[in-house]
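Text of the file input32.txt, holding compact mmCIF, C-alpha atoms:
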# COMPACT_ATOMS: atom_id res chain seq x y z
CA MET A 599 7.63 -7.98 23.91
CA ALA A 600 6.92 -4.87 21.79
CA ARG A 601 9.27 -6.16 19.08
CA LYS A 602 7.49 -9.52 19.02
CA ARG A 603 4.07 -7.86 18.77
CA GLU A 604 5.17 -5.76 15.79
CA LEU A 605 6.62 -8.81 14.05
CA VAL A 606 3.39 -10.73 14.63
CA PHE A 607 1.42 -7.79 13.21
CA LEU A 608 3.62 -7.63 10.12
CA GLU A 609 3.30 -11.37 9.60
CA SER A 610 -0.48 -10.99 9.81
CA LEU A 611 -0.45 -8.24 7.19
CA LEU A 612 2.09 -9.66 4.78
CA THR A 613 0.47 -13.11 4.70
CA SER A 614 -3.10 -11.78 4.58
CA GLY A 615 -3.71 -11.90 0.82
CA LEU A 616 -4.31 -8.15 0.75
CA ASP A 617 -2.57 -6.33 -2.09
CA LEU A 618 0.86 -5.29 -0.86
CA MET A 619 0.54 -1.68 -1.99
CA THR A 620 -2.83 -1.38 -0.24
CA GLN A 621 -1.19 -2.56 2.99
CA MET A 622 1.60 -0.04 2.91
CA PRO A 623 0.42 2.64 5.38
CA ALA A 624 0.10 0.03 8.14
CA VAL A 625 3.18 -1.93 7.04
CA SER A 626 5.23 1.27 6.94
CA GLU A 627 4.19 2.35 10.42
CA ALA A 628 4.95 -1.07 11.90
CA MET A 629 8.34 -1.26 10.18
CA LYS A 630 9.28 2.16 11.50
CA ARG A 631 8.49 1.04 15.02
CA LEU A 632 10.89 -1.87 14.52
CA VAL A 633 13.54 -0.05 12.49
CA PRO A 634 13.28 3.74 12.97
CA SER A 635 13.55 5.61 9.67
CA PHE A 636 12.14 8.68 7.98
CA SER A 637 11.15 7.09 4.69
CA LEU A 638 10.86 3.83 2.83
CA SER A 639 10.08 2.51 -0.62
CA MET A 640 8.38 -0.75 -1.59
CA ILE A 641 8.92 -1.52 -5.27
CA ARG A 642 7.47 -4.34 -7.37
CA VAL A 643 9.72 -5.22 -10.32
CA ASP A 644 9.35 -7.20 -13.53
CA GLU A 645 11.52 -10.08 -14.71
CA ARG A 646 14.17 -7.57 -15.88
CA CYS A 647 14.28 -5.95 -12.41
CA ALA A 648 12.69 -2.75 -13.76
CA PRO A 649 10.14 -1.11 -11.41
CA ARG A 650 6.46 -1.75 -12.18
CA HIS A 651 4.52 -0.52 -9.14
CA HIS A 652 5.91 1.37 -6.20
CA TYR A 653 5.04 2.99 -2.90
CA SER A 654 7.64 5.60 -2.00
CA GLU A 655 7.42 8.05 0.89
CA HIS A 656 8.56 11.66 0.53
CA PHE A 657 9.92 11.22 -3.00
CA ASP A 658 9.70 14.28 -5.23
CA GLU A 659 7.98 14.38 -8.60
CA VAL A 660 11.23 14.01 -10.52
CA SER A 661 11.84 10.71 -8.75
CA HIS A 662 8.37 9.40 -9.54
CA ARG A 663 8.85 10.33 -13.20
CA LEU A 664 12.21 8.56 -13.14
CA PHE A 665 10.47 5.35 -12.09
CA ALA A 666 7.72 5.82 -14.66
CA GLU A 667 9.75 6.91 -17.68
CA SER A 668 13.25 5.53 -17.10
CA GLY A 669 12.60 2.40 -15.09
CA HIS A 670 14.76 0.34 -17.44
CA ALA A 671 17.79 2.28 -16.18
CA PHE A 672 17.50 0.60 -12.79
CA SER A 673 17.96 -2.85 -14.32
CA ALA A 674 20.81 -1.95 -16.68
CA ALA A 675 24.22 -3.58 -16.26
CA THR A 676 26.28 -1.18 -14.14
CA ASP A 677 28.89 -0.98 -11.39
CA ASP A 678 26.39 0.79 -9.12
CA PRO A 679 25.90 -1.50 -6.07
CA ALA A 680 22.40 -0.03 -5.57
CA ALA A 681 21.23 -0.86 -9.10
CA PHE A 682 18.20 -3.13 -8.94
CA GLY A 683 19.76 -5.69 -11.26
CA ASN A 684 22.73 -6.01 -8.92
CA LEU A 685 20.67 -6.18 -5.73
CA LEU A 686 18.42 -8.88 -7.19
CA ALA A 687 21.15 -10.91 -8.89
CA PRO A 688 20.94 -14.66 -8.15
CA GLY A 689 23.23 -15.72 -5.33
CA ARG A 690 23.50 -12.25 -3.83
CA ARG A 691 22.83 -11.72 -0.14
CA PRO A 692 19.17 -10.61 -0.01
CA TYR A 693 19.42 -7.95 2.71
CA GLY A 694 21.81 -5.42 4.17
CA THR A 695 24.29 -5.17 1.29
CA LEU A 696 24.20 -1.35 1.28
CA ILE A 697 24.39 -0.56 5.00
CA GLU A 698 28.14 0.11 4.90
CA GLY A 699 27.76 2.68 2.12
CA GLY A 700 31.14 3.24 0.54
CA GLU A 701 32.46 5.24 -2.40
CA ALA A 702 30.93 3.06 -5.11
CA PHE A 703 27.51 3.46 -3.47
CA VAL A 704 27.74 7.24 -3.01
CA THR A 705 29.06 7.88 -6.52
CA GLY A 706 26.58 5.49 -8.13
CA ALA A 707 23.67 6.67 -10.25
CA THR A 708 20.99 5.48 -7.81
CA TYR A 709 22.42 7.53 -4.96
CA GLN A 710 23.15 10.56 -7.11
CA HIS A 711 19.85 10.73 -9.01
CA LEU A 712 17.38 9.19 -6.56
CA PHE A 713 18.60 9.01 -2.98
CA ALA A 714 20.45 12.32 -2.61
CA ARG A 715 17.63 14.45 -4.01
CA ASN A 716 15.20 12.92 -1.47
CA GLY A 717 17.42 13.34 1.59
CA ILE A 718 18.44 9.67 1.73
CA HIS A 719 21.94 8.66 2.81
CA HIS A 720 21.75 5.41 4.81
CA VAL A 721 19.92 2.48 3.20
CA LEU A 722 18.78 -0.87 4.55
CA ASP A 723 18.01 -2.86 1.40
CA VAL A 724 15.93 -6.02 1.09
CA ALA A 725 15.96 -7.69 -2.35
CA ILE A 726 13.01 -10.06 -2.68
CA ARG A 727 13.18 -13.07 -5.01
CA ASP A 728 11.77 -16.54 -5.23
CA ARG A 729 12.37 -19.48 -7.54
CA GLY A 730 10.36 -17.70 -10.19
CA GLY A 731 12.84 -14.82 -10.28
CA PRO A 732 12.96 -11.24 -8.98
CA LEU A 733 9.90 -9.90 -7.16
CA GLY A 734 10.73 -6.56 -5.60
CA ILE A 735 12.85 -4.38 -3.37
CA LEU A 736 12.23 -2.81 0.02
CA GLY A 737 14.39 0.17 0.88
CA ILE A 738 14.38 1.64 4.40
CA PHE A 739 16.00 5.07 4.54
CA ARG A 740 17.75 7.38 7.00
CA GLU A 741 19.19 10.84 6.52
CA LEU A 742 22.87 11.77 6.63
CA ARG A 743 22.75 12.99 10.23
CA ALA A 744 21.02 9.80 11.44
CA PRO A 745 23.01 6.76 12.65
CA ARG A 746 23.82 3.99 10.23
CA PHE A 747 21.76 0.84 10.23
CA ARG A 748 23.16 -1.88 12.49
CA GLN A 749 23.34 -5.65 12.28
CA ALA A 750 20.32 -5.82 14.59
CA ASP A 751 18.33 -3.98 11.91
CA VAL A 752 19.53 -6.44 9.28
CA ASP A 753 18.43 -9.30 11.54
CA ILE A 754 14.91 -7.86 11.59
CA ALA A 755 14.95 -7.69 7.79
CA ALA A 756 15.94 -11.36 7.76
CA GLU A 757 12.94 -12.24 9.95
CA LEU A 758 10.61 -10.31 7.64
CA TYR A 759 12.03 -11.82 4.47
CA PRO A 760 9.83 -14.95 4.10
CA TRP A 761 6.68 -12.88 4.65
CA LEU A 762 7.82 -10.26 2.13
CA VAL A 763 8.35 -13.02 -0.44
CA HIS A 764 4.82 -14.25 0.27
CA ALA A 765 3.34 -10.75 -0.08
CA PHE A 766 5.14 -10.00 -3.34
CA ALA A 767 4.40 -13.40 -4.85
CA ALA A 768 0.70 -13.18 -3.96
CA HIS A 769 -0.04 -10.84 -6.87
CA ARG A 770 0.79 -13.64 -9.33
CA GLY A 771 -2.54 -15.30 -8.52
CA ALA A 772 -5.81 -14.31 -6.92
CA ALA A 773 -6.27 -14.88 -3.21
CA SER A 774 -8.13 -18.02 -2.29
CA ARG A 775 -11.81 -17.82 -1.47
CA GLU A 776 -11.11 -18.15 2.23
CA GLU A 777 -8.31 -15.57 2.15
CA SER A 778 -10.36 -13.01 0.25
CA ARG A 779 -13.52 -13.25 2.37
CA GLY A 780 -13.98 -9.84 3.95
CA LEU A 781 -10.52 -8.67 2.94
CA LEU A 782 -11.46 -7.22 -0.44
CA GLU A 783 -14.21 -4.95 0.87
CA TYR A 784 -13.85 -1.19 1.04
CA ASP A 785 -15.60 1.51 3.05
CA GLU A 786 -16.16 5.04 1.80
CA VAL A 787 -14.54 7.48 4.22
CA ASP A 788 -14.93 10.71 2.26
CA SER A 789 -16.26 12.05 -1.01
CA GLY A 790 -16.00 15.12 -3.16
CA LEU A 791 -16.70 16.65 -6.55
CA LEU A 792 -14.53 17.91 -9.38
CA VAL A 793 -15.23 19.83 -12.56
CA VAL A 794 -12.65 18.97 -15.19
CA LYS A 795 -11.91 19.80 -18.80
CA ARG A 796 -11.53 17.11 -21.42
CA SER A 797 -7.82 17.85 -21.41
CA GLY A 798 -7.80 16.49 -17.85
CA LEU A 799 -7.30 19.87 -16.17
CA VAL A 800 -9.13 20.19 -12.86
CA VAL A 801 -10.87 23.57 -12.94
CA TRP A 802 -12.85 23.28 -9.70
CA ALA A 803 -12.87 21.02 -6.64
CA SER A 804 -15.22 20.99 -3.69
CA PRO A 805 -13.48 22.11 -0.46
CA GLY A 806 -13.47 18.62 1.03
CA ALA A 807 -12.10 17.02 -2.11
CA ARG A 808 -9.38 19.65 -2.39
CA ALA A 809 -8.27 19.09 1.20
CA TRP A 810 -7.91 15.31 1.11
CA LEU A 811 -6.68 15.11 -2.47
CA GLU A 812 -3.76 17.31 -1.51
CA ASP A 813 -2.94 14.97 1.37
CA ALA A 814 -3.73 11.61 -0.18
CA SER A 815 -2.61 12.31 -3.70
CA ALA A 816 0.51 14.46 -3.37
CA GLY A 817 -0.92 17.63 -4.85
CA PRO A 818 -4.24 19.22 -5.78
CA GLU A 819 -4.37 17.56 -9.21
CA ARG A 820 -2.05 14.62 -8.77
CA GLY A 821 -2.77 11.02 -7.82
CA ARG A 822 -0.02 9.07 -6.14
CA LEU A 823 -1.30 5.86 -7.66
CA MET A 824 0.28 2.52 -6.92
CA ASP A 825 -0.30 0.31 -9.94
CA ARG A 826 0.78 2.62 -12.72
CA PRO A 827 2.68 5.86 -13.30
CA SER A 828 -0.37 8.06 -13.56
CA HIS A 829 -1.70 11.48 -12.67
CA LEU A 830 -5.21 12.51 -11.80
CA PRO A 831 -5.58 14.52 -15.05
CA GLU A 832 -4.79 11.38 -17.06
CA ALA A 833 -7.55 9.52 -15.27
CA CYS A 834 -9.91 12.42 -15.96
CA ARG A 835 -9.08 12.29 -19.67
CA ALA A 836 -9.90 8.58 -19.68
CA LEU A 837 -13.20 9.28 -17.93
CA GLY A 838 -14.05 11.86 -20.57
CA ALA A 839 -13.58 9.25 -23.30
CA MET A 840 -15.77 6.81 -21.37
CA LEU A 841 -18.43 9.48 -20.99
CA ASP A 842 -18.44 10.01 -24.75
CA ALA A 843 -18.89 6.27 -25.28
CA ALA A 844 -21.81 6.23 -22.85
CA ARG A 845 -23.44 9.10 -24.76
CA ARG A 846 -23.16 7.10 -27.97
CA GLY A 847 -25.44 4.51 -26.43
CA LYS A 848 -22.92 1.85 -25.43
CA GLY A 849 -24.35 1.68 -21.93
CA ILE A 850 -20.99 2.15 -20.22
CA VAL A 851 -21.00 3.56 -16.70
CA PRO A 852 -18.07 6.03 -16.74
CA THR A 853 -16.19 4.76 -13.68
CA LEU A 854 -12.52 4.31 -12.84
CA THR A 855 -11.06 2.83 -9.68
CA LEU A 856 -7.50 3.89 -8.90
CA PRO A 857 -5.48 2.27 -6.10
CA LEU A 858 -4.12 4.38 -3.28
CA ALA A 859 -2.11 3.30 -0.26
CA GLY A 860 -4.63 1.97 2.22
CA GLY A 861 -7.48 1.79 -0.25
CA ARG A 862 -8.64 3.21 -3.54
CA LEU A 863 -10.07 6.26 -5.26
CA ARG A 864 -13.33 5.64 -7.12
CA MET A 865 -14.14 8.17 -9.85
CA ARG A 866 -17.48 8.50 -11.66
CA ALA A 867 -18.05 10.93 -14.54
CA TYR A 868 -21.29 12.70 -15.39
CA GLY A 869 -22.36 15.37 -17.85
CA LEU A 870 -23.03 18.95 -16.78
CA ALA A 871 -26.38 20.56 -17.51
CA ALA A 872 -25.11 24.12 -17.34
CA ASP A 873 -24.31 26.06 -20.51
CA GLY A 874 -25.82 23.39 -22.73
CA GLU A 875 -22.94 20.99 -22.04
CA THR A 876 -24.99 17.84 -21.54
CA ASP A 877 -24.12 16.66 -25.03
CA GLY A 878 -20.35 16.64 -25.23
CA GLY A 879 -19.19 20.04 -23.94
CA ASP A 880 -15.63 20.72 -22.87
CA HIS A 881 -16.38 20.32 -19.15
CA PHE A 882 -17.79 17.42 -17.16
CA GLY A 883 -18.17 16.47 -13.52
CA VAL A 884 -16.37 13.78 -11.53
CA GLN A 885 -17.69 12.34 -8.30
CA LEU A 886 -14.85 11.11 -6.07
CA SER A 887 -15.08 8.52 -3.32
CA LEU A 888 -12.10 7.84 -1.05
CA GLU A 889 -12.46 4.22 0.07
CA MET A 890 -10.27 2.44 2.61
CA SER A 891 -9.64 -1.30 2.88
CA ARG A 892 -11.80 -2.81 5.60
CA GLY A 893 -9.52 -5.83 5.97
CA LEU A 894 -6.48 -3.63 6.55
CA ARG A 895 -8.26 -1.52 9.13
CA VAL A 896 -9.67 -4.55 10.97
CA ARG A 897 -6.21 -6.10 11.26
CA THR A 898 -4.82 -2.80 12.51
CA ALA A 899 -7.64 -2.47 15.04
CA LEU A 900 -6.92 -5.96 16.39
CA HIS A 901 -3.25 -5.07 16.78
CA LEU A 902 -4.05 -1.81 18.59
CA ALA A 903 -6.46 -3.63 20.93
CA GLY A 904 -3.50 -5.38 22.55
CA LEU A 905 -4.80 -8.90 21.95
CA SER A 906 -2.50 -11.89 22.05
CA THR A 907 -1.43 -13.48 18.78
CA GLN A 908 -3.87 -16.34 19.33
CA GLN A 909 -6.71 -13.95 20.13
CA GLN A 910 -6.02 -11.87 17.02
CA ARG A 911 -6.10 -14.94 14.79
CA LEU A 912 -9.31 -16.15 16.40
CA ALA A 913 -11.00 -12.74 16.21
CA LEU A 914 -10.07 -12.34 12.56
CA ALA A 915 -11.37 -15.80 11.71
CA ILE A 916 -14.67 -15.07 13.46
CA TRP A 917 -14.92 -11.70 11.69
CA GLN A 918 -14.37 -13.48 8.36
CA ASN A 919 -17.20 -15.86 9.29
CA GLU A 920 -15.05 -18.94 8.93
CA PRO A 921 -16.64 -22.25 9.98
CA ALA A 922 -15.66 -23.70 13.35
CA HIS A 923 -13.83 -26.69 11.89
CA THR A 924 -11.63 -24.38 9.79
CA ILE A 925 -10.81 -22.26 12.83
CA ARG A 926 -9.93 -25.36 14.85
CA GLU A 927 -7.57 -26.50 12.10
CA LYS A 928 -5.92 -23.07 11.88
CA LEU A 929 -5.37 -22.83 15.63
CA GLY A 930 -4.64 -26.53 16.11
CA VAL A 931 -7.11 -26.93 19.00
CA SER A 932 -10.02 -29.16 19.95
CA ALA A 933 -13.67 -28.11 19.87
CA SER A 934 -13.79 -27.63 23.64
CA THR A 935 -10.59 -25.59 23.66
CA LEU A 936 -11.94 -23.40 20.87
CA LYS A 937 -15.08 -22.69 22.90
CA SER A 938 -12.90 -21.71 25.86
CA TYR A 939 -10.82 -19.40 23.65
CA GLN A 940 -13.97 -17.81 22.25
CA LYS A 941 -15.39 -17.18 25.70
CA SER A 942 -12.15 -15.52 26.83
CA LEU A 943 -12.05 -13.39 23.66
CA TYR A 944 -15.65 -12.27 24.05
CA VAL A 945 -14.96 -11.18 27.63
CA ARG A 946 -11.82 -9.34 26.49
CA LEU A 947 -13.76 -7.40 23.84
CA GLY A 948 -16.94 -6.95 25.88
CA VAL A 949 -19.20 -8.85 23.47
CA ASN A 950 -21.52 -11.84 23.81
CA SER A 951 -21.54 -13.43 20.36
CA ALA A 952 -19.77 -13.76 17.04
CA SER A 953 -22.13 -11.25 15.43
CA GLU A 954 -21.42 -8.70 18.18
CA LEU A 955 -17.69 -9.28 17.74
CA ALA A 956 -17.96 -8.65 13.99
CA THR A 957 -19.98 -5.47 14.58
CA THR A 958 -17.49 -4.24 17.19
CA LEU A 959 -14.52 -4.84 14.90
CA ASP A 960 -16.23 -3.11 11.99
CA THR A 961 -16.95 -0.11 14.23
CA GLN A 962 -13.37 0.05 15.49
CA ALA A 963 -12.03 -0.33 11.96
CA ARG A 964 -14.15 2.52 10.60
CA ALA A 965 -12.71 4.79 13.28
CA LEU A 966 -9.16 4.20 12.02
CA THR A 967 -7.45 6.48 9.53
CA PHE A 968 -3.99 6.43 7.99
CA ASP A 969 -1.69 9.38 7.47
CA LEU A 970 -1.55 9.63 3.68
CA ARG A 971 0.55 12.80 3.66
CA ARG A 972 3.69 10.66 3.65
CA HIS A 973 3.37 10.81 -0.14
CA LEU A 974 4.18 14.51 -0.15
CA PRO A 975 7.73 15.34 -1.26
CA ARG A 976 10.27 15.88 1.48
CA ARG A 977 10.67 19.51 2.49
CA GLY A 978 13.86 20.98 3.86
Written form, structure tokens:
Amino acid sequence: MARKRELVFLESLLTSGLDLMTQMPAVSEAMKRLVPSFSLSMIRVDERCAPRHHYSEHFDEVSHRLFAESGHAFSAATDDPAAFGNLLAPGRRPYGTLIEGGEAFVTGATYQHLFARNGIHHVLDVAIRDRGGPLGILGIFRELRAPRFRQADVDIAAELYPWLVHAFAAHRGAASREESRGLLEYDEVDSGLLVVKRSGLVVWASPGARAWLEDASAGPERGRLMDRPSHLPEACRALGAMLDAARRGKGIVPTLTLPLAGGRLRMRAYGLAADGETDGGDHFGVQLSLEMSRGLRVRTALHLAGLSTQQQRLALAIWQNEPAHTIREKLGVSASTLKSYQKSLYVRLGVNSASELATTLDTQARALTFDLRRHLPRRG
């Protein structure tokens, strides 16, 4: 029963229309309940199989730079069985090709330069493709002292595969109007201030900002950002240039939004009045807002509430304010049956109306947080 619930939850997430990298804290936790592991990596690739965007837990800075600066090496023709080009080759088995390990795997460049340095020895690989070509790779990792992955783990990967294809392919086009309703909203969960130099160096951070930046962003000045190989100082340099443009009368609001697992980091630049620096001095201020995806947290709250699959689908549809005829079509029920389902759901959640249900779910969602420290490099 627990296995089925986790699979239903993952299906709900991976087919939701939410950006895959935004989903990753919840997806990672659910996958680890199904297939215990200490780390995983979700990598979006281009048509050459080179990494474009990635979410990788407990990878060190050298590994992140390897993705950013030498991504082409992963797609190069090689005898390494873990090379992305080999894993994603047409006609290859899409999952579990690396679970037996072997000499070619251990001596290969991917193991030697990426896996070994991050404590990875056993790998359950899932190579995601569709008719349009390669999409991405999911790697689930265990340490040397942990047991190897079994066929039962590969079977779970096979069940997840169609949903992973859907999630990876979704970025090719925008979510439909119905899919995106309510899912693309974000809630501010924390805020802070920085003072930075035009070089991008952070010279001061408010205590709150320092604390959660170190957790969420893998270091006091570093952003573990999902859609580009970037560091917080680079974003600050870009904000400085935008601030200069605004001062020249172009009317630009100096704002950047950078994706993080589970949400995004919104950055706004402003001039400093001290020391006469309001007109282009070397320092400027940055207001930070840590915002989490409301859609992701609502789906997680529904899962944690212990609702049945049918109840979760109904509750989510009501929260998204979908019309009754659309809900009936989704659930495949009559109008009278839908009313019965609604009544049962309202009793289960202790509410009396659709508006109360939406308010309750929003409240439960805002109470949820995700452990973002998984981005910190592995220690020991």
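Using only C-alpha atoms, the shortest contact distance between A:Phe672 and any of A:Ser951, A:Gln918, A:Thr708, A:Ser887 is found at A:Thr708.
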Calculated over all atoms listed in the file, which of the candidates A:Leu894, A:Ala899, A:Ala666, A:Val787 has the smallest distance to A:Arg864?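 Of A:Leu894, A:Ala899, A:Ala666, A:Val787, the one nearest A:Arg864 is A:Val787, counting all atoms listed in the file.
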One-decimal distance in Å that lies between atom CA of A:Gln621 and atom CA of A:Gly860: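 Computing it gives 5.7 Å between the two atoms.
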Nearest residue to A:Ile850 out of A:Trp810, A:Arg835, A:Glu627, A:Tyr868, using all atoms listed in the file?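 Closest to A:Ile850, using all atoms listed in the file: A:Tyr868.
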Hey, which of A:Ala956, A:Ile697, A:Ala915, A:Met840 ends up closest to A:Ser614? Count all atoms listed in the file.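 Smallest separation from A:Ser614 among the options: A:Ala915.
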Nearest residue to A:Leu608 from the set A:Arg897, A:Asn684, A:Glu655, A:Glu832 (distances using all atoms listed in the file):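 Smallest distance to A:Leu608 is found for A:Arg897.
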Work out how far atom CA of A:Leu959 is from atom CA of A:Val931, in Å to one decimal.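 Going from atom CA of A:Val931 over to atom CA of A:Leu959, I get 23.7 Å.
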Any idea what's packed within 9 Å of A:Leu900, counting all atoms listed in the file, ignoring anything in its chain fewer than 2 positions away? Could you give it as a ChimeraX atom specification? /A:895-898,902-905,909-910,913-914,959,962-963
Taking all atoms listed in the file into account, name the residue in A:Val724, A:Ser668, A:Arg715, A:Ala867 that is nearest to A:Leu791.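 When distances to A:Leu791 are compared using all atoms listed in the file, the smallest one comes from A:Ala867.
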Skipping near chain neighbours, those fewer than 3 positions away, what residues fall within 9 Å of A:Met629 using only C-alpha atoms, listed as JSON, numbers by chain? {"A": [604, 605, 608, 624, 625, 626, 632, 633, 634, 635, 738]}
As a PDB file with C-alpha atoms, keeping the file's coordinate frame, please: the residues near stretch 936-942 of chain A (cut-off 12 Å, all atoms listed in the file, same-chain neighbours under 5 positions excluded).
ATOM      1  CA  LEU A 905      -4.800  -8.900  21.950  1.00  0.00           C
ATOM      2  CA  SER A 906      -2.500 -11.890  22.050  1.00  0.00           C
ATOM      3  CA  GLN A 908      -3.870 -16.340  19.330  1.00  0.00           C
ATOM      4  CA  GLN A 909      -6.710 -13.950  20.130  1.00  0.00           C
ATOM      5  CA  GLN A 910      -6.020 -11.870  17.020  1.00  0.00           C
ATOM      6  CA  ARG A 911      -6.100 -14.940  14.790  1.00  0.00           C
ATOM      7  CA  LEU A 912      -9.310 -16.150  16.400  1.00  0.00           C
ATOM      8  CA  ALA A 913     -11.000 -12.740  16.210  1.00  0.00           C
ATOM      9  CA  LEU A 914     -10.070 -12.340  12.560  1.00  0.00           C
ATOM     10  CA  ALA A 915     -11.370 -15.800  11.710  1.00  0.00           C
ATOM     11  CA  ILE A 916     -14.670 -15.070  13.460  1.00  0.00           C
ATOM     12  CA  PRO A 921     -16.640 -22.250   9.980  1.00  0.00           C
ATOM     13  CA  ALA A 922     -15.660 -23.700  13.350  1.00  0.00           C
ATOM     14  CA  HIS A 923     -13.830 -26.690  11.890  1.00  0.00           C
ATOM     15  CA  THR A 924     -11.630 -24.380   9.790  1.00  0.00           C
ATOM     16  CA  ILE A 925     -10.810 -22.260  12.830  1.00  0.00           C
ATOM     17  CA  ARG A 926      -9.930 -25.360  14.850  1.00  0.00           C
ATOM     18  CA  GLU A 927      -7.570 -26.500  12.100  1.00  0.00           C
ATOM     19  CA  LYS A 928      -5.920 -23.070  11.880  1.00  0.00           C
ATOM     20  CA  LEU A 929      -5.370 -22.830  15.630  1.00  0.00           C
ATOM     21  CA  GLY A 930      -4.640 -26.530  16.110  1.00  0.00           C
ATOM     22  CA  VAL A 931      -7.110 -26.930  19.000  1.00  0.00           C
ATOM     23  CA  LEU A 947     -13.760  -7.400  23.840  1.00  0.00           C
ATOM     24  CA  GLY A 948     -16.940  -6.950  25.880  1.00  0.00           C
ATOM     25  CA  VAL A 949     -19.200  -8.850  23.470  1.00  0.00           C
ATOM     26  CA  ASN A 950     -21.520 -11.840  23.810  1.00  0.00           C
ATOM     27  CA  SER A 951     -21.540 -13.430  20.360  1.00  0.00           C
ATOM     28  CA  ALA A 952     -19.770 -13.760  17.040  1.00  0.00           C
ATOM     29  CA  LEU A 955     -17.690  -9.280  17.740  1.00  0.00           C
TER      30      LEU A 955
END
Exercise: A:Leu792 partners within 6 Å, only C-alpha atoms, chain neighbours under 6 positions left out, as a list of chain:residue names: A:Trp802, A:Ala803, A:Gly883, A:Val884
Restricting the output to C-alpha atoms, write the selected residues as an mmCIF file, keeping the file's coordinate frame.
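The new file result20.cif reads:
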data_model
loop_
_atom_site.group_PDB
_atom_site.id
_atom_site.type_symbol
_atom_site.label_atom_id
_atom_site.label_comp_id
_atom_site.auth_asym_id
_atom_site.auth_seq_id
_atom_site.Cartn_x
_atom_site.Cartn_y
_atom_site.Cartn_z
ATOM 1 C CA TRP A 802 -12.850 23.280 -9.700
ATOM 2 C CA ALA A 803 -12.870 21.020 -6.640
ATOM 3 C CA GLY A 883 -18.170 16.470 -13.520
ATOM 4 C CA VAL A 884 -16.370 13.780 -11.530
#
Who sits within 10 Å of A:Asp678, all atoms listed in the file, same chain under 3 positions skipped, as a list of chain:residue names: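 Non-adjacent residues within range: A:Phe672, A:Ala674, A:Ala675, A:Ala681, A:Phe682, A:Gly683, A:Asn684, A:Leu685, A:Ala702, A:Phe703, A:Val704, A:Thr705, A:Gly706, A:Ala707, A:Thr708, A:Tyr709.
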In Å to one decimal, how far is atom CA of A:Ser797 from atom CA of A:Ser654?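 That distance, rounded to one decimal, is 27.7 Å.
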